[in-house]
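Printed here is query00.txt (compact mmCIF, C-alpha atoms):
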```
# COMPACT_ATOMS: atom_id res chain seq x y z
CA MET A 1 81.99 70.02 44.75
CA GLN A 2 81.90 71.51 48.22
CA ALA A 3 79.29 71.16 50.96
CA LEU A 4 77.74 73.86 53.11
CA GLY A 5 77.10 71.53 56.02
CA ARG A 6 77.85 68.14 57.51
CA GLN A 7 75.42 66.00 59.43
CA VAL A 8 76.25 63.13 61.71
CA LEU A 9 73.36 60.71 62.28
CA VAL A 10 73.91 58.53 65.32
CA GLU A 11 72.09 55.45 66.57
CA TYR A 12 72.88 54.83 70.24
CA TYR A 13 71.77 51.33 71.19
CA ASP A 14 72.07 49.57 74.56
CA CYS A 15 72.09 52.82 76.51
CA ASP A 16 71.60 53.35 80.23
CA GLN A 17 67.80 53.43 80.29
CA ASP A 18 67.59 55.68 83.35
CA VAL A 19 69.84 58.31 81.81
CA ILE A 20 67.99 58.46 78.49
CA ASN A 21 64.64 58.73 80.29
CA ASP A 22 65.77 61.70 82.38
CA VAL A 23 65.01 64.97 80.63
CA ALA A 24 67.20 67.03 82.98
CA GLN A 25 70.21 64.77 82.44
CA ILE A 26 69.71 64.71 78.69
CA GLU A 27 69.49 68.49 78.54
CA SER A 28 72.63 68.84 80.62
CA ILE A 29 74.53 66.23 78.57
CA LEU A 30 73.59 67.74 75.22
CA LEU A 31 74.40 71.28 76.27
CA GLU A 32 77.73 70.20 77.77
CA GLY A 33 78.64 68.28 74.60
CA THR A 34 77.65 71.26 72.47
CA ARG A 35 79.83 73.59 74.53
CA LYS A 36 82.74 71.11 74.34
CA SER A 37 82.52 71.29 70.55
CA ARG A 38 82.70 75.11 70.83
CA ALA A 39 79.38 75.56 69.04
CA SER A 40 77.32 78.64 69.94
CA ILE A 41 74.02 77.73 71.57
CA ILE A 42 71.10 79.91 70.46
CA SER A 43 68.08 78.12 71.94
CA HIS A 44 67.09 74.72 73.26
CA ASN A 45 63.92 72.78 74.03
CA PHE A 46 63.60 69.45 75.80
CA HIS A 47 60.40 67.54 76.50
CA LYS A 48 59.64 64.47 78.55
CA PHE A 49 56.88 62.19 77.38
CA SER A 50 54.61 59.99 79.42
CA PRO A 51 55.09 57.15 80.17
CA HIS A 52 58.69 57.48 78.89
CA GLY A 53 60.94 59.06 76.31
CA VAL A 54 62.56 62.43 75.75
CA SER A 55 62.76 64.68 72.68
CA GLY A 56 64.88 67.77 72.37
CA THR A 57 66.56 70.17 70.00
CA VAL A 58 69.44 72.59 70.41
CA VAL A 59 69.66 75.32 67.78
CA ILE A 60 73.27 76.45 67.40
CA ALA A 61 74.72 79.24 65.28
CA GLU A 62 76.27 76.43 63.23
CA SER A 63 72.90 74.54 62.73
CA HIS A 64 71.37 72.09 65.26
CA ILE A 65 71.43 68.98 67.41
CA ALA A 66 68.30 66.86 67.88
CA ILE A 67 67.60 63.85 70.09
CA HIS A 68 64.77 61.37 70.54
CA THR A 69 64.98 58.57 73.08
CA TRP A 70 63.08 55.32 73.52
CA PRO A 71 64.24 54.23 77.00
CA GLU A 72 62.10 51.10 76.77
CA TYR A 73 64.42 49.95 73.98
CA GLY A 74 67.62 51.49 75.38
CA TYR A 75 67.80 53.53 72.18
CA ALA A 76 68.49 57.17 71.34
CA ALA A 77 68.49 58.75 67.86
CA VAL A 78 70.71 61.82 67.53
CA ASP A 79 71.39 64.22 64.66
CA ILE A 80 74.30 66.63 64.75
CA PHE A 81 74.14 69.14 61.90
CA THR A 82 77.01 71.62 61.69
CA CYS A 83 78.48 74.09 59.25
CA GLY A 84 81.83 75.80 59.13
CA GLU A 85 85.23 74.49 60.05
CA THR A 86 85.42 75.72 63.62
CA ILE A 87 83.45 72.98 65.35
CA ASP A 88 83.68 69.21 65.31
CA PRO A 89 80.39 67.25 65.50
CA TRP A 90 82.29 64.12 66.54
CA ILE A 91 83.15 65.69 69.89
CA ILE A 92 79.42 65.76 70.64
CA GLN A 93 78.95 62.22 69.31
CA GLU A 94 81.67 60.90 71.63
CA HIS A 95 80.43 62.85 74.65
CA LEU A 96 76.92 61.41 74.26
CA LYS A 97 78.26 57.89 73.81
CA ASP A 98 80.12 58.13 77.11
CA CYS A 99 77.26 59.77 79.03
CA PHE A 100 74.59 57.38 77.73
CA ASN A 101 76.94 54.46 78.34
CA SER A 102 75.92 53.14 74.94
CA LYS A 103 77.35 49.71 74.17
CA ASN A 104 76.48 49.77 70.50
CA VAL A 105 76.81 52.92 68.40
CA SER A 106 76.23 53.31 64.69
CA SER A 107 77.16 56.63 63.08
CA MET A 108 77.07 58.06 59.62
CA GLU A 109 78.29 61.40 58.32
CA MET A 110 76.59 63.06 55.38
CA LYS A 111 77.33 66.18 53.41
CA ARG A 112 74.48 68.69 53.05
CA GLY A 113 74.14 71.43 50.45
CA MET A 114 76.54 70.38 47.71
CA PHE A 115 77.67 73.07 45.26
CA LYS A 116 80.14 73.16 42.44
CA VAL A 117 82.74 75.86 43.03
CA GLU A 118 85.53 77.15 40.83
CA GLU A 119 89.01 75.86 41.57
CA GLY A 120 90.68 77.84 44.33
CA GLN A 121 87.36 79.22 45.52
CA GLU A 122 85.46 78.28 48.62
CA LEU A 123 81.84 78.09 49.74
CA LEU A 124 81.21 80.74 52.35
CA PHE A 125 79.91 79.51 55.69
CA LYS A 126 78.08 82.14 57.67
CA PRO A 127 79.79 81.68 61.06
CA LYS A 128 83.21 81.60 59.45
CA ASP A 129 82.77 84.59 57.22
CA ALA A 130 80.75 86.87 59.42
CA PRO A 131 82.94 87.94 62.33
CA ASN A 132 80.07 90.14 63.38
CA PHE A 133 77.75 87.17 63.12
CA SER A 134 74.54 88.12 64.91
CA MET A 135 70.91 87.25 65.27
CA SER A 136 68.01 89.56 64.71
CA ASN A 137 65.56 87.49 66.75
CA MET B 1 63.84 44.09 61.34
CA GLN B 2 61.53 46.97 62.12
CA ALA B 3 62.31 50.66 62.59
CA LEU B 4 61.12 53.01 65.32
CA GLY B 5 61.35 56.08 63.12
CA ARG B 6 61.73 57.35 59.61
CA GLN B 7 63.66 60.41 58.57
CA VAL B 8 63.38 62.30 55.31
CA LEU B 9 66.41 64.45 54.49
CA VAL B 10 65.64 67.04 51.86
CA GLU B 11 67.89 69.34 49.85
CA TYR B 12 65.88 72.19 48.35
CA TYR B 13 67.96 73.94 45.68
CA ASP B 14 67.01 76.90 43.47
CA CYS B 15 64.48 78.22 45.95
CA ASP B 16 62.83 81.63 46.04
CA GLN B 17 65.54 83.54 47.90
CA ASP B 18 63.16 86.05 49.44
CA VAL B 19 60.95 83.34 50.91
CA ILE B 20 63.80 81.35 52.45
CA ASN B 21 65.27 84.50 53.98
CA ASP B 22 62.00 85.47 55.68
CA VAL B 23 61.78 83.98 59.15
CA ALA B 24 58.07 84.73 59.52
CA GLN B 25 57.22 83.04 56.22
CA ILE B 26 59.38 80.03 57.02
CA GLU B 27 57.77 79.61 60.42
CA SER B 28 54.31 79.85 58.91
CA ILE B 29 55.16 77.43 56.07
CA LEU B 30 56.70 74.82 58.38
CA LEU B 31 53.88 74.96 60.89
CA GLU B 32 51.27 74.75 58.14
CA GLY B 33 53.02 71.75 56.56
CA THR B 34 53.30 70.09 59.94
CA ARG B 35 49.58 70.55 60.60
CA LYS B 36 48.75 69.23 57.13
CA SER B 37 50.62 66.03 57.99
CA ARG B 38 48.50 65.79 61.17
CA ALA B 39 51.55 65.80 63.43
CA SER B 40 51.13 67.27 66.92
CA ILE B 41 53.22 70.39 67.43
CA ILE B 42 54.83 70.64 70.88
CA SER B 43 57.22 73.58 70.50
CA HIS B 44 58.98 75.56 67.82
CA ASN B 45 61.89 77.98 67.51
CA PHE B 46 62.91 80.02 64.50
CA HIS B 47 65.87 82.39 64.23
CA LYS B 48 66.95 84.86 61.59
CA PHE B 49 70.65 85.42 61.11
CA SER B 50 72.44 88.49 59.96
CA PRO B 51 73.12 89.21 57.15
CA HIS B 52 70.93 86.33 55.96
CA GLY B 53 69.71 82.82 56.66
CA VAL B 54 67.14 81.21 58.90
CA SER B 55 67.34 78.21 61.25
CA GLY B 56 64.43 76.59 62.98
CA THR B 57 63.13 73.46 64.64
CA VAL B 58 59.65 72.17 65.32
CA VAL B 59 59.40 69.49 68.00
CA ILE B 60 56.38 67.29 67.35
CA ALA B 61 54.96 64.44 69.42
CA GLU B 62 56.16 62.20 66.60
CA SER B 63 59.79 63.61 66.62
CA HIS B 64 60.90 66.81 64.80
CA ILE B 65 61.36 68.98 61.74
CA ALA B 66 64.49 71.13 61.30
CA ILE B 67 65.41 73.70 58.68
CA HIS B 68 68.50 75.73 57.79
CA THR B 69 68.52 78.13 54.86
CA TRP B 70 71.28 79.77 52.85
CA PRO B 71 69.32 82.33 50.81
CA GLU B 72 72.53 83.51 49.14
CA TYR B 73 72.73 80.07 47.49
CA GLY B 74 68.95 79.56 47.10
CA TYR B 75 69.33 76.48 49.28
CA ALA B 76 67.44 75.04 52.25
CA ALA B 77 68.31 71.85 54.19
CA VAL B 78 65.33 70.18 55.86
CA ASP B 79 65.03 67.10 58.08
CA ILE B 80 61.66 65.52 58.78
CA PHE B 81 61.91 62.86 61.48
CA THR B 82 58.69 61.02 62.33
CA CYS B 83 57.58 57.92 64.16
CA GLY B 84 54.34 56.00 64.09
CA GLU B 85 52.06 55.27 61.19
CA THR B 86 49.63 58.12 61.58
CA ILE B 87 51.58 60.88 59.87
CA ASP B 88 53.25 61.15 56.49
CA PRO B 89 56.55 63.12 56.31
CA TRP B 90 56.20 63.42 52.55
CA ILE B 91 53.20 65.74 52.95
CA ILE B 92 55.56 68.19 54.66
CA GLN B 93 58.27 67.65 52.03
CA GLU B 94 55.81 68.47 49.22
CA HIS B 95 54.34 71.49 51.00
CA LEU B 96 57.79 73.03 51.48
CA LYS B 97 58.76 72.34 47.88
CA ASP B 98 55.71 74.26 46.66
CA CYS B 99 56.10 77.15 49.11
CA PHE B 100 59.84 77.59 48.53
CA ASN B 101 59.25 77.27 44.77
CA SER B 102 62.26 74.96 44.68
CA LYS B 103 63.26 73.97 41.15
CA ASN B 104 65.60 71.19 42.22
CA VAL B 105 64.79 68.88 45.13
CA SER B 106 66.78 65.90 46.32
CA SER B 107 65.23 63.70 49.04
CA MET B 108 66.25 60.60 50.88
CA GLU B 109 64.32 58.53 53.42
CA MET B 110 66.16 56.65 56.13
CA LYS B 111 65.02 54.25 58.81
CA ARG B 112 66.05 55.06 62.38
CA GLY B 113 66.20 52.71 65.36
CA MET B 114 66.25 49.26 63.74
CA PHE B 115 65.28 46.33 65.94
CA LYS B 116 64.75 42.65 65.29
CA VAL B 117 61.25 41.63 66.32
CA GLU B 118 59.63 38.21 66.46
CA GLU B 119 57.34 37.27 63.60
CA GLY B 120 53.85 38.66 64.10
CA GLN B 121 55.05 41.17 66.67
CA GLU B 122 55.43 44.89 66.24
CA LEU B 123 57.67 47.63 67.60
CA LEU B 124 55.62 49.94 69.79
CA PHE B 125 55.60 53.60 68.80
CA LYS B 126 54.75 55.92 71.62
CA PRO B 127 52.10 58.05 69.92
CA LYS B 128 50.37 55.01 68.45
CA ASP B 129 50.36 52.93 71.60
CA ALA B 130 49.69 55.52 74.21
CA PRO B 131 46.18 56.81 73.67
CA ASN B 132 46.70 58.90 76.76
CA PHE B 133 49.94 60.20 75.27
CA SER B 134 50.94 63.28 77.23
CA MET B 135 53.84 65.50 78.13
CA SER B 136 55.10 66.20 81.57
CA ASN B 137 56.93 69.40 80.61
```
Do you think you could lay out the structure here as structure tokens?
Amino acid sequence: MQALGRQVLVEYYDCDQDVINDVAQIESILLEGTRKSRASIISHNFHKFSPHGVSGTVVIAESHIAIHTWPEYGYAAVDIFTCGETIDPWIIQEHLKDCFNSKNVSSMEMKRGMFKVEEGQELLFKPKDAPNFSMSN
Amino acid sequence: MQALGRQVLVEYYDCDQDVINDVAQIESILLEGTRKSRASIISHNFHKFSPHGVSGTVVIAESHIAIHTWPEYGYAAVDIFTCGETIDPWIIQEHLKDCFNSKNVSSMEMKRGMFKVEEGQELLFKPKDAPNFSMSN
């Protein structure tokens, strides 16, 4: 069995409440972490809620990153969904941990899209197998 | 222990390959499912890849929905992350199953943001507890 994607689900507890309530900082931190991992950013959207909390998503060529924060609880939920072998979701996980100053992190990695493949064969990941990888919109 | 959010991770196998390769259809299906669940749509982004595949995210007031499709394998990965008691992620899950004509669906629901609360008390979800819930950007 081989998987098309991997997804890291992260619970960041005991974060710096000011940082995770600041939409500009969160956007900057997520985009920086994404670049560090060498993922290709396609689009991103971040929103600040009233009275507090931020939600955002970054669509990458290799899937996506999503965040939701509850500053009142010092908590941020993050998903890092990647495919292909060229990028490492744990680089993003670590970057966010440092920037949020989270004192209590719980992470889990899951495989997504499991397929049985013949011995010696490989599942084809789009970014890996399409050197001319491009978007039509 | 109570959770701030719930997340349904869905693996849709054996889907209609034409549908899950059509960015316009996917956008329409996801937005329709989101409305059916009574979630409040804040923003959405869908992208078509070459030669095939679609990625997209819908940010909702109650968190997000994300999709990645591999039409060549008849497979779509979907995450439905919600908070609050007013919307049901499984309405979206079911709607997508029908529209993608998926013959093999595997779903898992997880709790996100677990906190210990005193007996008789409740974790406060933003959309539920902020009748004047609003966005600042």
Atom pair CA of Cys83 in chain B / CA of Val10 in chain A: separation (Å) =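 The value is 16.4 Å.
Put simply, CA of Gln93 in chain A is 10.4 Å away from CA of Ser106 in chain A.
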Have a look at CA of Arg38 in chain B and CA of Lys111 in chain B and let me know their distance in Å, one decimal.
-> 20.3 Å
Nearby residues (all atoms listed in the file) at most 10 Å from Ala24 in chain A, same-chain spacing under 2 positions excluded, as a PyMOL selection string | chain A and resi 19-22+26-29+46-48+54
Which residue gives the smallest distance to Glu11 in chain B among A:Met114, A:Val105, A:Val59, A:Leu123, with only C-alpha atoms counted?
-> A:Met114
Can you move chain A onto chain B by a least-squares fit over all C-alpha atoms paired in order, then give me the moved copy as a PDB file with C-alpha atoms, in the frame of the given file?
```pdb
ATOM      1  CA  MET A   1      63.847  44.075  61.334  1.00  0.00           C
ATOM      2  CA  GLN A   2      61.545  46.968  62.106  1.00  0.00           C
ATOM      3  CA  ALA A   3      62.334  50.654  62.591  1.00  0.00           C
ATOM      4  CA  LEU A   4      61.137  52.992  65.314  1.00  0.00           C
ATOM      5  CA  GLY A   5      61.366  56.068  63.125  1.00  0.00           C
ATOM      6  CA  ARG A   6      61.764  57.346  59.592  1.00  0.00           C
ATOM      7  CA  GLN A   7      63.682  60.420  58.572  1.00  0.00           C
ATOM      8  CA  VAL A   8      63.393  62.288  55.324  1.00  0.00           C
ATOM      9  CA  LEU A   9      66.424  64.448  54.497  1.00  0.00           C
ATOM     10  CA  VAL A  10      65.645  67.039  51.856  1.00  0.00           C
ATOM     11  CA  GLU A  11      67.891  69.333  49.842  1.00  0.00           C
ATOM     12  CA  TYR A  12      65.877  72.190  48.338  1.00  0.00           C
ATOM     13  CA  TYR A  13      67.949  73.921  45.674  1.00  0.00           C
ATOM     14  CA  ASP A  14      66.992  76.876  43.461  1.00  0.00           C
ATOM     15  CA  CYS A  15      64.470  78.215  45.953  1.00  0.00           C
ATOM     16  CA  ASP A  16      62.811  81.621  46.041  1.00  0.00           C
ATOM     17  CA  GLN A  17      65.531  83.523  47.893  1.00  0.00           C
ATOM     18  CA  ASP A  18      63.140  86.041  49.447  1.00  0.00           C
ATOM     19  CA  VAL A  19      60.936  83.332  50.915  1.00  0.00           C
ATOM     20  CA  ILE A  20      63.791  81.347  52.455  1.00  0.00           C
ATOM     21  CA  ASN A  21      65.265  84.516  53.978  1.00  0.00           C
ATOM     22  CA  ASP A  22      61.999  85.463  55.681  1.00  0.00           C
ATOM     23  CA  VAL A  23      61.790  83.978  59.157  1.00  0.00           C
ATOM     24  CA  ALA A  24      58.066  84.726  59.529  1.00  0.00           C
ATOM     25  CA  GLN A  25      57.216  83.022  56.238  1.00  0.00           C
ATOM     26  CA  ILE A  26      59.386  80.026  57.029  1.00  0.00           C
ATOM     27  CA  GLU A  27      57.775  79.609  60.433  1.00  0.00           C
ATOM     28  CA  SER A  28      54.317  79.838  58.918  1.00  0.00           C
ATOM     29  CA  ILE A  29      55.165  77.406  56.092  1.00  0.00           C
ATOM     30  CA  LEU A  30      56.704  74.807  58.387  1.00  0.00           C
ATOM     31  CA  LEU A  31      53.886  74.951  60.903  1.00  0.00           C
ATOM     32  CA  GLU A  32      51.260  74.733  58.153  1.00  0.00           C
ATOM     33  CA  GLY A  33      53.029  71.744  56.573  1.00  0.00           C
ATOM     34  CA  THR A  34      53.310  70.072  59.968  1.00  0.00           C
ATOM     35  CA  ARG A  35      49.599  70.547  60.625  1.00  0.00           C
ATOM     36  CA  LYS A  36      48.764  69.218  57.134  1.00  0.00           C
ATOM     37  CA  SER A  37      50.631  66.025  58.008  1.00  0.00           C
ATOM     38  CA  ARG A  38      48.503  65.780  61.188  1.00  0.00           C
ATOM     39  CA  ALA A  39      51.567  65.807  63.434  1.00  0.00           C
ATOM     40  CA  SER A  40      51.150  67.272  66.930  1.00  0.00           C
ATOM     41  CA  ILE A  41      53.244  70.393  67.434  1.00  0.00           C
ATOM     42  CA  ILE A  42      54.848  70.632  70.880  1.00  0.00           C
ATOM     43  CA  SER A  43      57.237  73.578  70.514  1.00  0.00           C
ATOM     44  CA  HIS A  44      58.996  75.560  67.820  1.00  0.00           C
ATOM     45  CA  ASN A  45      61.904  77.980  67.509  1.00  0.00           C
ATOM     46  CA  PHE A  46      62.925  80.017  64.487  1.00  0.00           C
ATOM     47  CA  HIS A  47      65.873  82.388  64.228  1.00  0.00           C
ATOM     48  CA  LYS A  48      66.958  84.855  61.593  1.00  0.00           C
ATOM     49  CA  PHE A  49      70.648  85.430  61.108  1.00  0.00           C
ATOM     50  CA  SER A  50      72.421  88.536  59.942  1.00  0.00           C
ATOM     51  CA  PRO A  51      73.099  89.248  57.132  1.00  0.00           C
ATOM     52  CA  HIS A  52      70.902  86.344  55.928  1.00  0.00           C
ATOM     53  CA  GLY A  53      69.702  82.844  56.654  1.00  0.00           C
ATOM     54  CA  VAL A  54      67.135  81.215  58.901  1.00  0.00           C
ATOM     55  CA  SER A  55      67.344  78.224  61.254  1.00  0.00           C
ATOM     56  CA  GLY A  56      64.428  76.596  62.983  1.00  0.00           C
ATOM     57  CA  THR A  57      63.147  73.472  64.654  1.00  0.00           C
ATOM     58  CA  VAL A  58      59.660  72.165  65.327  1.00  0.00           C
ATOM     59  CA  VAL A  59      59.411  69.495  68.015  1.00  0.00           C
ATOM     60  CA  ILE A  60      56.391  67.282  67.353  1.00  0.00           C
ATOM     61  CA  ALA A  61      54.970  64.446  69.431  1.00  0.00           C
ATOM     62  CA  GLU A  62      56.173  62.206  66.596  1.00  0.00           C
ATOM     63  CA  SER A  63      59.804  63.619  66.629  1.00  0.00           C
ATOM     64  CA  HIS A  64      60.924  66.814  64.817  1.00  0.00           C
ATOM     65  CA  ILE A  65      61.380  68.971  61.745  1.00  0.00           C
ATOM     66  CA  ALA A  66      64.487  71.130  61.308  1.00  0.00           C
ATOM     67  CA  ILE A  67      65.423  73.701  58.671  1.00  0.00           C
ATOM     68  CA  HIS A  68      68.496  75.733  57.783  1.00  0.00           C
ATOM     69  CA  THR A  69      68.505  78.123  54.846  1.00  0.00           C
ATOM     70  CA  TRP A  70      71.276  79.772  52.854  1.00  0.00           C
ATOM     71  CA  PRO A  71      69.310  82.332  50.799  1.00  0.00           C
ATOM     72  CA  GLU A  72      72.515  83.506  49.132  1.00  0.00           C
ATOM     73  CA  TYR A  73      72.694  80.076  47.493  1.00  0.00           C
ATOM     74  CA  GLY A  74      68.933  79.562  47.092  1.00  0.00           C
ATOM     75  CA  TYR A  75      69.320  76.490  49.293  1.00  0.00           C
ATOM     76  CA  ALA A  76      67.436  75.045  52.259  1.00  0.00           C
ATOM     77  CA  ALA A  77      68.312  71.867  54.192  1.00  0.00           C
ATOM     78  CA  VAL A  78      65.343  70.175  55.859  1.00  0.00           C
ATOM     79  CA  ASP A  79      65.031  67.106  58.083  1.00  0.00           C
ATOM     80  CA  ILE A  80      61.679  65.509  58.785  1.00  0.00           C
ATOM     81  CA  PHE A  81      61.921  62.857  61.497  1.00  0.00           C
ATOM     82  CA  THR A  82      58.705  61.013  62.327  1.00  0.00           C
ATOM     83  CA  CYS A  83      57.576  57.923  64.170  1.00  0.00           C
ATOM     84  CA  GLY A  84      54.341  56.002  64.091  1.00  0.00           C
ATOM     85  CA  GLU A  85      52.051  55.273  61.203  1.00  0.00           C
ATOM     86  CA  THR A  86      49.622  58.143  61.602  1.00  0.00           C
ATOM     87  CA  ILE A  87      51.585  60.890  59.876  1.00  0.00           C
ATOM     88  CA  ASP A  88      53.274  61.137  56.506  1.00  0.00           C
ATOM     89  CA  PRO A  89      56.553  63.115  56.328  1.00  0.00           C
ATOM     90  CA  TRP A  90      56.194  63.413  52.551  1.00  0.00           C
ATOM     91  CA  ILE A  91      53.212  65.730  52.963  1.00  0.00           C
ATOM     92  CA  ILE A  92      55.559  68.196  54.662  1.00  0.00           C
ATOM     93  CA  GLN A  93      58.260  67.644  52.031  1.00  0.00           C
ATOM     94  CA  GLU A  94      55.810  68.460  49.228  1.00  0.00           C
ATOM     95  CA  HIS A  95      54.340  71.478  51.014  1.00  0.00           C
ATOM     96  CA  LEU A  96      57.802  73.008  51.485  1.00  0.00           C
ATOM     97  CA  LYS A  97      58.748  72.330  47.874  1.00  0.00           C
ATOM     98  CA  ASP A  98      55.705  74.253  46.671  1.00  0.00           C
ATOM     99  CA  CYS A  99      56.095  77.143  49.130  1.00  0.00           C
ATOM    100  CA  PHE A 100      59.835  77.573  48.529  1.00  0.00           C
ATOM    101  CA  ASN A 101      59.246  77.257  44.791  1.00  0.00           C
ATOM    102  CA  SER A 102      62.247  74.949  44.678  1.00  0.00           C
ATOM    103  CA  LYS A 103      63.235  73.941  41.155  1.00  0.00           C
ATOM    104  CA  ASN A 104      65.580  71.182  42.212  1.00  0.00           C
ATOM    105  CA  VAL A 105      64.796  68.874  45.127  1.00  0.00           C
ATOM    106  CA  SER A 106      66.787  65.904  46.339  1.00  0.00           C
ATOM    107  CA  SER A 107      65.247  63.708  49.039  1.00  0.00           C
ATOM    108  CA  MET A 108      66.253  60.607  50.881  1.00  0.00           C
ATOM    109  CA  GLU A 109      64.344  58.536  53.411  1.00  0.00           C
ATOM    110  CA  MET A 110      66.173  56.648  56.128  1.00  0.00           C
ATOM    111  CA  LYS A 111      65.041  54.254  58.802  1.00  0.00           C
ATOM    112  CA  ARG A 112      66.078  55.074  62.380  1.00  0.00           C
ATOM    113  CA  GLY A 113      66.222  52.703  65.336  1.00  0.00           C
ATOM    114  CA  MET A 114      66.270  49.266  63.738  1.00  0.00           C
ATOM    115  CA  PHE A 115      65.288  46.311  65.933  1.00  0.00           C
ATOM    116  CA  LYS A 116      64.766  42.652  65.303  1.00  0.00           C
ATOM    117  CA  VAL A 117      61.263  41.609  66.321  1.00  0.00           C
ATOM    118  CA  GLU A 118      59.628  38.205  66.479  1.00  0.00           C
ATOM    119  CA  GLU A 119      57.354  37.278  63.600  1.00  0.00           C
ATOM    120  CA  GLY A 120      53.857  38.644  64.081  1.00  0.00           C
ATOM    121  CA  GLN A 121      55.057  41.155  66.651  1.00  0.00           C
ATOM    122  CA  GLU A 122      55.442  44.867  66.230  1.00  0.00           C
ATOM    123  CA  LEU A 123      57.661  47.627  67.592  1.00  0.00           C
ATOM    124  CA  LEU A 124      55.596  49.918  69.763  1.00  0.00           C
ATOM    125  CA  PHE A 125      55.569  53.575  68.770  1.00  0.00           C
ATOM    126  CA  LYS A 126      54.692  55.910  71.592  1.00  0.00           C
ATOM    127  CA  PRO A 127      52.057  58.057  69.838  1.00  0.00           C
ATOM    128  CA  LYS A 128      50.349  54.999  68.416  1.00  0.00           C
ATOM    129  CA  ASP A 129      50.269  52.971  71.576  1.00  0.00           C
ATOM    130  CA  ALA A 130      49.598  55.626  74.149  1.00  0.00           C
ATOM    131  CA  PRO A 131      46.093  56.963  73.572  1.00  0.00           C
ATOM    132  CA  ASN A 132      46.629  59.046  76.663  1.00  0.00           C
ATOM    133  CA  PHE A 133      49.902  60.266  75.225  1.00  0.00           C
ATOM    134  CA  SER A 134      50.947  63.287  77.273  1.00  0.00           C
ATOM    135  CA  MET A 135      53.864  65.465  78.172  1.00  0.00           C
ATOM    136  CA  SER A 136      55.130  66.157  81.633  1.00  0.00           C
ATOM    137  CA  ASN A 137      56.972  69.338  80.664  1.00  0.00           C
TER     138      ASN A 137
END
```
Using all atoms listed in the file, which residues sit within 7 Å of range 63-72 of chain A once same-chain residues fewer than 3 positions away are excluded, as a PyMOL selection string?
-> (chain A and resi 17+20-21+52-60+75-83) or (chain B and resi 55+63+68)
Counting only C-alpha atoms, the option among A:Leu9, A:Leu96, A:Ile91, A:Ala39 closest to chain B |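 Among A:Leu9, A:Leu96, A:Ile91, A:Ala39, it is A:Leu9 that comes nearest to chain B.
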Residues within 7 Å of Cys15 in chain B, only C-alpha atoms, excluding chain neighbours under 2 positions, as a PyMOL selection string = chain B and resi 12-13+17+74-75+100-103
Shell of 8 Å around Phe115 in chain B, only C-alpha atoms, local chain residues under 4 positions omitted, as a list of chain:residue names |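 Surrounding residues, per the criterion: B:Met1, B:Gln2, B:Ala3, B:Leu4, B:Leu123.
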Go ahead and save the residues from that selection, with C-alpha atoms, as a short mmCIF file (atom, residue, chain, number, x, y, z; two decimals), in the coordinates of the input.
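Result file is part_1.cif:
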```
data_model
loop_
_atom_site.label_atom_id
_atom_site.label_comp_id
_atom_site.auth_asym_id
_atom_site.auth_seq_id
_atom_site.Cartn_x
_atom_site.Cartn_y
_atom_site.Cartn_z
CA MET B 1 63.84 44.09 61.34
CA GLN B 2 61.53 46.97 62.12
CA ALA B 3 62.31 50.66 62.59
CA LEU B 4 61.12 53.01 65.32
CA LEU B 123 57.67 47.63 67.60
#
```
Looking at B:Cys99, B:Ile87, B:Met110, B:Leu31, which one is nearest to chain A, with distances taken over only C-alpha atoms?
->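 That would be B:Met110, the residue with the smallest distance to chain A.
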Pick from A:Gln121, A:Thr86, A:Ser107, A:Ser50, whichever lies nearest to chain B using all atoms listed in the file |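 Of all the options, A:Ser50 lies closest to chain B.
Among B:Glu119, B:Glu32, B:Arg6, B:Asp16, the residue with the shortest atom-to-atom distance to Glu94 in chain B, counting only C-alpha atoms, is B:Glu32.
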